[in-house]
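Okay, structure first, notes after.
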Amino acid sequence: MKDLLRDELGFDGILVSDYGEVDEISIHGAARDQKEAAKMAVDASMDMEMVTTAYLN
């Protein structure tokens with residue numbers, strides 16, 4: 001999201017996750033846990049998490 005949408009295409013709007021997608025990052029093994037998944041989403045410039053509580057926690 002950061003590389004393509006933000007940097008290359010210049011998108012400056014708000015990025016909202018798809019339903020429970022931040023938790024899915026760890027469920028599918030790309031992150032060790034919810035905390036790491038939230039960091040990955042923030043680093044990718046995700047502004048708001050739709051349903052899960054990774055950002056809140």
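Going by the structure tokens order, chains are called A, B, ..., each with residues numbered from 1, while ligands are numbered from 1 in the order shown.
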
Which neighbours of segment 20-31 of chain A fall inside 12 Å, counting only C-alpha atoms, when residues of the same chain fewer than 2 positions from it are skipped, and could you give them as a PyMOL selection string?
-> chain A and resi 16-18+33-42+44+46-57

Output for the residues just chosen: N, CA and C atoms as a PDB file, in the first residue's frame:
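Okay, this is what ended up in again.pdb:
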```
ATOM      1  N   VAL A  16      -8.476   1.938   4.782  1.00  0.00           N
ATOM      2  CA  VAL A  16      -9.208   1.170   5.787  1.00  0.00           C
ATOM      3  C   VAL A  16      -9.056  -0.307   5.450  1.00  0.00           C
ATOM      4  N   SER A  17      -8.782  -1.124   6.461  1.00  0.00           N
ATOM      5  CA  SER A  17      -8.606  -2.560   6.234  1.00  0.00           C
ATOM      6  C   SER A  17      -9.912  -3.215   5.794  1.00  0.00           C
ATOM      7  N   ASP A  18      -9.783  -4.342   5.165  1.00  0.00           N
ATOM      8  CA  ASP A  18     -10.920  -5.158   4.787  1.00  0.00           C
ATOM      9  C   ASP A  18     -11.308  -6.014   5.984  1.00  0.00           C
ATOM     10  N   ASP A  33       2.272 -12.631  15.682  1.00  0.00           N
ATOM     11  CA  ASP A  33       1.121 -12.408  16.552  1.00  0.00           C
ATOM     12  C   ASP A  33       0.380 -11.147  16.096  1.00  0.00           C
ATOM     13  N   GLN A  34      -0.681 -10.806  16.844  1.00  0.00           N
ATOM     14  CA  GLN A  34      -1.504  -9.661  16.482  1.00  0.00           C
ATOM     15  C   GLN A  34      -0.708  -8.348  16.571  1.00  0.00           C
ATOM     16  N   LYS A  35       0.186  -8.261  17.535  1.00  0.00           N
ATOM     17  CA  LYS A  35       0.994  -7.050  17.691  1.00  0.00           C
ATOM     18  C   LYS A  35       1.882  -6.822  16.468  1.00  0.00           C
ATOM     19  N   GLU A  36       2.538  -7.875  16.007  1.00  0.00           N
ATOM     20  CA  GLU A  36       3.389  -7.746  14.831  1.00  0.00           C
ATOM     21  C   GLU A  36       2.546  -7.452  13.588  1.00  0.00           C
ATOM     22  N   ALA A  37       1.370  -8.056  13.504  1.00  0.00           N
ATOM     23  CA  ALA A  37       0.473  -7.801  12.373  1.00  0.00           C
ATOM     24  C   ALA A  37       0.051  -6.339  12.336  1.00  0.00           C
ATOM     25  N   ALA A  38      -0.265  -5.778  13.493  1.00  0.00           N
ATOM     26  CA  ALA A  38      -0.644  -4.361  13.560  1.00  0.00           C
ATOM     27  C   ALA A  38       0.511  -3.473  13.124  1.00  0.00           C
ATOM     28  N   LYS A  39       1.722  -3.793  13.556  1.00  0.00           N
ATOM     29  CA  LYS A  39       2.892  -3.007  13.147  1.00  0.00           C
ATOM     30  C   LYS A  39       3.094  -3.075  11.645  1.00  0.00           C
ATOM     31  N   MET A  40       2.928  -4.255  11.081  1.00  0.00           N
ATOM     32  CA  MET A  40       3.070  -4.404   9.627  1.00  0.00           C
ATOM     33  C   MET A  40       2.036  -3.549   8.892  1.00  0.00           C
ATOM     34  N   ALA A  41       0.808  -3.546   9.382  1.00  0.00           N
ATOM     35  CA  ALA A  41      -0.251  -2.752   8.752  1.00  0.00           C
ATOM     36  C   ALA A  41       0.052  -1.257   8.856  1.00  0.00           C
ATOM     37  N   VAL A  42       0.491  -0.821  10.031  1.00  0.00           N
ATOM     38  CA  VAL A  42       0.837   0.594  10.217  1.00  0.00           C
ATOM     39  C   VAL A  42       2.015   0.965   9.311  1.00  0.00           C
ATOM     40  N   ALA A  44       2.764  -0.267   6.555  1.00  0.00           N
ATOM     41  CA  ALA A  44       2.298  -0.246   5.165  1.00  0.00           C
ATOM     42  C   ALA A  44       1.366   0.937   4.905  1.00  0.00           C
ATOM     43  N   MET A  46      -1.574   1.668   6.575  1.00  0.00           N
ATOM     44  CA  MET A  46      -3.005   1.436   6.836  1.00  0.00           C
ATOM     45  C   MET A  46      -3.439   2.389   7.946  1.00  0.00           C
ATOM     46  N   ASP A  47      -4.451   3.192   7.686  1.00  0.00           N
ATOM     47  CA  ASP A  47      -4.889   4.195   8.651  1.00  0.00           C
ATOM     48  C   ASP A  47      -5.875   3.669   9.681  1.00  0.00           C
ATOM     49  N   MET A  48      -6.777   2.805   9.258  1.00  0.00           N
ATOM     50  CA  MET A  48      -7.854   2.376  10.149  1.00  0.00           C
ATOM     51  C   MET A  48      -8.139   0.897   9.963  1.00  0.00           C
ATOM     52  N   GLU A  49      -8.332   0.232  11.062  1.00  0.00           N
ATOM     53  CA  GLU A  49      -8.654  -1.189  11.071  1.00  0.00           C
ATOM     54  C   GLU A  49     -10.164  -1.327  11.227  1.00  0.00           C
ATOM     55  N   MET A  50     -10.802  -2.078  10.322  1.00  0.00           N
ATOM     56  CA  MET A  50     -12.261  -2.100  10.307  1.00  0.00           C
ATOM     57  C   MET A  50     -12.896  -2.827  11.489  1.00  0.00           C
ATOM     58  N   VAL A  51     -12.533  -4.064  11.774  1.00  0.00           N
ATOM     59  CA  VAL A  51     -13.267  -4.843  12.771  1.00  0.00           C
ATOM     60  C   VAL A  51     -12.384  -5.367  13.899  1.00  0.00           C
ATOM     61  N   THR A  52     -11.232  -5.867  13.602  1.00  0.00           N
ATOM     62  CA  THR A  52     -10.397  -6.479  14.628  1.00  0.00           C
ATOM     63  C   THR A  52      -9.835  -5.416  15.566  1.00  0.00           C
ATOM     64  N   THR A  53      -9.186  -5.852  16.631  1.00  0.00           N
ATOM     65  CA  THR A  53      -8.714  -4.920  17.660  1.00  0.00           C
ATOM     66  C   THR A  53      -7.192  -4.859  17.761  1.00  0.00           C
ATOM     67  N   ALA A  54      -6.493  -5.204  16.714  1.00  0.00           N
ATOM     68  CA  ALA A  54      -5.035  -5.196  16.748  1.00  0.00           C
ATOM     69  C   ALA A  54      -4.492  -3.788  17.016  1.00  0.00           C
ATOM     70  N   TYR A  55      -5.048  -2.773  16.385  1.00  0.00           N
ATOM     71  CA  TYR A  55      -4.595  -1.398  16.609  1.00  0.00           C
ATOM     72  C   TYR A  55      -4.912  -0.972  18.038  1.00  0.00           C
ATOM     73  N   LEU A  56      -6.084  -1.284  18.491  1.00  0.00           N
ATOM     74  CA  LEU A  56      -6.502  -0.914  19.842  1.00  0.00           C
ATOM     75  C   LEU A  56      -5.609  -1.570  20.892  1.00  0.00           C
ATOM     76  N   ASN A  57      -5.342  -2.868  20.698  1.00  0.00           N
ATOM     77  CA  ASN A  57      -4.517  -3.607  21.667  1.00  0.00           C
ATOM     78  C   ASN A  57      -3.059  -3.192  21.558  1.00  0.00           C
TER      79      ASN A  57
END
```

Enumerate as JSON, numbers by chain all residues of chain A assigned to helix (DSSP H, G or I) by DSSP on the backbone, naming them with the chain letters and numbers the document uses.
-> {"A": [2, 3, 4, 5, 6, 7, 8, 21, 22, 23, 24, 25, 26, 27, 34, 35, 36, 37, 38, 39, 40, 41, 42, 43]}
